[in-house]
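Below is one structure; the comments refer to it alone.
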Amino acid sequence: MAHGDEVAVLAAAKQLARSAADMIGHSLRSAILHGSLATGQFVPGRSDIDLLLITDGALADAEVDALDTLVRWIDLAEASGIDLHVVTADVARTPVRAPVMELHVGRYERSSIGVEVERRTHAPDLPTELAMARADGYALIGMEPSNVIGPIPPRWLRERGRHWLTTWQSRIDDAENAAFMVLTACRIWRFGVEGVHCAKTQAAEWVLNRNPSLTTVRQALQQYRGEPAAPLDEDGIAQVLEAALCETTNLAKN
């Protein structure tokens, strides 16, 4: 990422955290930046700003409305969107398989979804979000991730990853989300084998080093980086999903 782009996106993330802190007040324990921006793998125009807020208690309705409005209208700089998650300190400290997520507001500029809002729902994908924030995130405000997020059993994450690999096998014709599925499958694959969290681009390179014949991964990587590429082949998507499932089958129980 160009230096100017990096400065602008980090400034946008910090402004998001500061504004959220103003809205929540003293109950905000930590605002943790994670994902590609935190790990140095941000791709301008393609990557989101991932921010996790940890609060001492539940959000009031007015705070939910304020955070919703903030995510919808704040300047994104060169980010493609925002993924804002809010969890209570109790949930973060002692994760379970499907913890209650206090709030999620997702803004996806280049997707048909637009803006997605979820409040106080049981979220089986939240442990993965928490684990990645704990592993690679850092605090923009408040306590560091390892001090507020408890360890999460890798087995839970492998099982959830395999759930998505299996689910996507019936969605290989979803052209809009094809690159996302393939690159996320690469992340699931690498974690399943090595227990390592990493950015989509790093996971794709890892898979290609293991199996250069998976040309669909290369196409997905090109699309993600904004390079012209042909639509991803459905058979190629199916091949990636099957390969990831086969290699992680015996590891899912560990």
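All residue names refer to the structure tokens as shown: chains lettered A, B, ... in order, residues numbered from 1 in each chain, ligands numbered from 1 in order.
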Residues of segment 188-230 of chain A at most 9 Å from segment 240-251 of chain A: nearest atom pair and distance in Å, only C-alpha atoms, as a Markdown table:
```
| residue | atom | partner | partner_atom | distance |
| --- | --- | --- | --- | --- |
| A:Ile188 | CA | A:Ala244 | CA | 7.7 |
| A:Trp189 | CA | A:Ala244 | CA | 5.2 |
| A:Arg190 | CA | A:Ala244 | CA | 8.6 |
| A:Gly192 | CA | A:Thr248 | CA | 5.4 |
| A:Val193 | CA | A:Thr248 | CA | 6.3 |
| A:Leu214 | CA | A:Val240 | CA | 6.9 |
| A:Thr216 | CA | A:Val240 | CA | 7.7 |
| A:Val217 | CA | A:Val240 | CA | 7.6 |
```
Between segment 102-204 of chain A and segment 84-91 of chain A, at 12 Å or less, what are the per-residue closest atom pairs and their distances in Å? Count only C-alpha atoms, order by chain and rising residue number, and return it as a tab-separated table.
```
residue	atom	partner	partner_atom	distance
A:Glu102	CA	A:Val87	CA	5.0
A:Leu103	CA	A:Val86	CA	5.0
A:His104	CA	A:His85	CA	4.5
A:Val105	CA	A:Leu84	CA	5.2
A:Gly106	CA	A:Leu84	CA	6.2
A:Arg107	CA	A:Leu84	CA	8.6
A:Tyr108	CA	A:Leu84	CA	11.4
A:Val115	CA	A:Leu84	CA	11.2
A:Glu116	CA	A:Leu84	CA	10.3
A:Val117	CA	A:Leu84	CA	9.7
A:Glu118	CA	A:His85	CA	9.4
A:Arg119	CA	A:Val86	CA	9.2
A:Arg120	CA	A:Val87	CA	9.1
A:Thr121	CA	A:Val87	CA	10.7
A:His122	CA	A:Val91	CA	11.1
A:Ala123	CA	A:Val87	CA	10.7
A:Asp125	CA	A:His85	CA	11.6
A:Leu126	CA	A:His85	CA	8.9
A:Pro127	CA	A:Val91	CA	9.8
A:Glu129	CA	A:His85	CA	8.9
A:Leu130	CA	A:Val87	CA	9.5
A:Ala133	CA	A:His85	CA	11.0
A:Met143	CA	A:Ala89	CA	11.1
A:Pro145	CA	A:Ala89	CA	11.2
A:Asn147	CA	A:Ala89	CA	10.4
A:Val148	CA	A:Ala89	CA	6.9
A:Ile149	CA	A:Ala89	CA	8.0
A:Gly150	CA	A:Val91	CA	9.0
A:Pro151	CA	A:Val91	CA	11.7
A:Ile152	CA	A:Val91	CA	11.6
```
Next, dump the selected residues to file, keeping only N, CA and C atoms, as a short mmCIF file (atom, residue, chain, number, x, y, z; two decimals), in the first residue's frame.
```
data_model
loop_
_atom_site.label_atom_id
_atom_site.label_comp_id
_atom_site.auth_asym_id
_atom_site.auth_seq_id
_atom_site.Cartn_x
_atom_site.Cartn_y
_atom_site.Cartn_z
N GLU A 102 -22.99 -8.02 20.72
CA GLU A 102 -23.79 -6.86 21.10
C GLU A 102 -24.26 -6.09 19.88
N LEU A 103 -23.37 -5.88 18.92
CA LEU A 103 -23.73 -5.14 17.71
C LEU A 103 -22.72 -5.43 16.61
N HIS A 104 -23.23 -5.53 15.39
CA HIS A 104 -22.38 -5.55 14.20
C HIS A 104 -22.98 -4.58 13.19
N VAL A 105 -22.16 -3.66 12.71
CA VAL A 105 -22.55 -2.79 11.60
C VAL A 105 -21.51 -2.96 10.51
N GLY A 106 -21.94 -3.45 9.37
CA GLY A 106 -21.05 -3.63 8.23
C GLY A 106 -21.46 -2.73 7.09
N ARG A 107 -20.50 -2.03 6.57
CA ARG A 107 -20.73 -1.15 5.41
C ARG A 107 -19.87 -1.67 4.28
N TYR A 108 -20.52 -2.06 3.18
CA TYR A 108 -19.81 -2.70 2.08
C TYR A 108 -20.10 -1.93 0.80
N VAL A 115 -25.39 -1.95 3.59
CA VAL A 115 -25.15 -1.85 5.03
C VAL A 115 -25.90 -2.98 5.73
N GLU A 116 -25.22 -3.65 6.65
CA GLU A 116 -25.80 -4.76 7.40
C GLU A 116 -25.72 -4.43 8.88
N VAL A 117 -26.83 -4.59 9.59
CA VAL A 117 -26.87 -4.30 11.02
C VAL A 117 -27.46 -5.50 11.75
N GLU A 118 -26.72 -5.97 12.78
CA GLU A 118 -27.19 -7.06 13.63
C GLU A 118 -27.00 -6.63 15.07
N ARG A 119 -27.99 -6.91 15.90
CA ARG A 119 -27.90 -6.53 17.31
C ARG A 119 -28.29 -7.69 18.22
N ARG A 120 -27.46 -7.93 19.21
CA ARG A 120 -27.69 -8.94 20.24
C ARG A 120 -28.12 -10.27 19.64
N THR A 121 -27.26 -10.80 18.80
CA THR A 121 -27.51 -12.09 18.17
C THR A 121 -26.41 -13.06 18.60
N HIS A 122 -26.76 -14.35 18.63
CA HIS A 122 -25.75 -15.37 18.86
C HIS A 122 -24.96 -15.53 17.55
N ALA A 123 -23.65 -15.40 17.66
CA ALA A 123 -22.81 -15.29 16.46
C ALA A 123 -21.73 -16.37 16.46
N ASP A 125 -19.67 -17.13 14.25
CA ASP A 125 -18.42 -16.69 13.61
C ASP A 125 -17.64 -15.71 14.46
N LEU A 126 -18.22 -15.25 15.57
CA LEU A 126 -17.55 -14.26 16.41
C LEU A 126 -16.27 -14.80 17.05
N PRO A 127 -16.20 -16.06 17.48
CA PRO A 127 -14.93 -16.54 18.03
C PRO A 127 -13.76 -16.38 17.06
N GLU A 129 -13.48 -14.02 14.78
CA GLU A 129 -13.19 -12.58 14.80
C GLU A 129 -12.36 -12.23 16.03
N LEU A 130 -12.76 -12.75 17.18
CA LEU A 130 -12.03 -12.48 18.42
C LEU A 130 -10.63 -13.07 18.37
N ALA A 133 -8.42 -10.91 16.20
CA ALA A 133 -8.11 -9.65 16.87
C ALA A 133 -7.08 -9.87 17.97
N MET A 143 -7.24 -0.99 26.35
CA MET A 143 -6.42 -2.16 26.66
C MET A 143 -6.06 -2.95 25.41
N PRO A 145 -5.30 -6.28 23.04
CA PRO A 145 -6.17 -7.45 22.84
C PRO A 145 -5.95 -8.60 23.82
N ASN A 147 -5.16 -8.62 26.75
CA ASN A 147 -5.62 -8.31 28.11
C ASN A 147 -7.14 -8.31 28.24
N VAL A 148 -7.84 -8.34 27.13
CA VAL A 148 -9.30 -8.28 27.19
C VAL A 148 -9.98 -9.44 26.46
N ILE A 149 -9.24 -10.16 25.62
CA ILE A 149 -9.82 -11.28 24.87
C ILE A 149 -9.18 -12.57 25.36
N GLY A 150 -10.00 -13.51 25.79
CA GLY A 150 -9.49 -14.78 26.27
C GLY A 150 -9.09 -15.70 25.13
N PRO A 151 -8.25 -16.69 25.40
CA PRO A 151 -7.86 -17.66 24.36
C PRO A 151 -9.05 -18.48 23.88
N ILE A 152 -9.02 -18.81 22.61
CA ILE A 152 -10.12 -19.55 21.98
C ILE A 152 -9.58 -20.87 21.43
#
```
Residues within 10 Å of Ala77 of chain A, please, as number ranges by chain. Count only C-alpha atoms; anything in the same chain fewer than 3 positions from it doesn't count. A: 5-13, 44-45, 74, 80-81
Please determine, counting only C-alpha atoms, which residue among A:Asp48, A:Glu159, A:Asp61, A:Asp136 has the shortest atom-to-atom distance to Pro124 of chain A. A:Glu159
Filtered DSSP result for segment 83-251 of chain A, state strand (DSSP E or B), as a VMD selection string: chain A and resid 83 to 88 100 to 108 114 to 122 138 to 142
For the interface of segment 95-200 of chain A with segment 16-37 of chain A (cut-off 6 Å, counting only C-alpha atoms), please tabulate each contacting residue of segment 95-200 of chain A alongside its nearest pair of atoms and their separation in Å to one decimal, rows sorted by chain and increasing number, as CSV.
```
residue,atom,partner,partner_atom,distance
A:Ala133,CA,A:His34,CA,5.2
A:Gly137,CA,A:His34,CA,4.1
A:Tyr138,CA,A:Ile32,CA,5.4
A:Ala139,CA,A:Ile32,CA,4.3
A:Leu140,CA,A:Ala31,CA,5.6
A:Ile141,CA,A:Ala31,CA,5.0
A:Gly142,CA,A:Ser30,CA,4.3
A:Met143,CA,A:Ser30,CA,5.2
A:Ala199,CA,A:Ser36,CA,5.7
```
When you look at Asp173 of chain A with a cut-off of 10 Å (counting only C-alpha atoms), what residues show up, excluding the ones that are within fewer than 6 positions of it in the same chain? I need them as an NGL selection string. :A and (232-235 or 237-238)
Close residues, segment 200-203 of chain A itself excluded, 8 Å, only C-alpha atoms, min 2 positions apart in chain, as a PyMOL selection string: chain A and resi 41+183-184+186-187+190+198+205-207+221
Please return, as a ChimeraX atom specification, all residues of segment 22-246 of chain A that DSSP assigns to alpha helix (DSSP H) on the basis of the backbone. /A:22-24,36-39,61-73,89-93,126-136,145-148,154-168,178-194,200-210,215-224,234-246
Quick one, how far is atom CA of Ala175 of chain A from atom CA of Ile113 of chain A?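 Pair atom CA of Ala175 of chain A / atom CA of Ile113 of chain A returns 14.2 Å.
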Calculated over only C-alpha atoms, which of the candidates A:Gly236, A:Arg218, A:Thr128, A:Val196 has the smallest distance to Pro99 of chain A?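 Nearest candidate to Pro99 of chain A out of A:Gly236, A:Arg218, A:Thr128, A:Val196: A:Thr128.
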A:Asp75, A:Ala220, A:Pro212, A:Gly57: which is nearest Met181 of chain A, counting only C-alpha atoms?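 Using only C-alpha atoms, the shortest distance to Met181 of chain A belongs to A:Ala220.
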Using atom CA of Tyr224 of chain A and atom CA of Ser47 of chain A as the two end points, give the distance in Å to one decimal.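 Calculated distance between atom CA of Tyr224 of chain A and atom CA of Ser47 of chain A is 8.7 Å.
Going from atom CA of Ala178 of chain A over to atom CA of Asp50 of chain A, you cover 21.0 Å.
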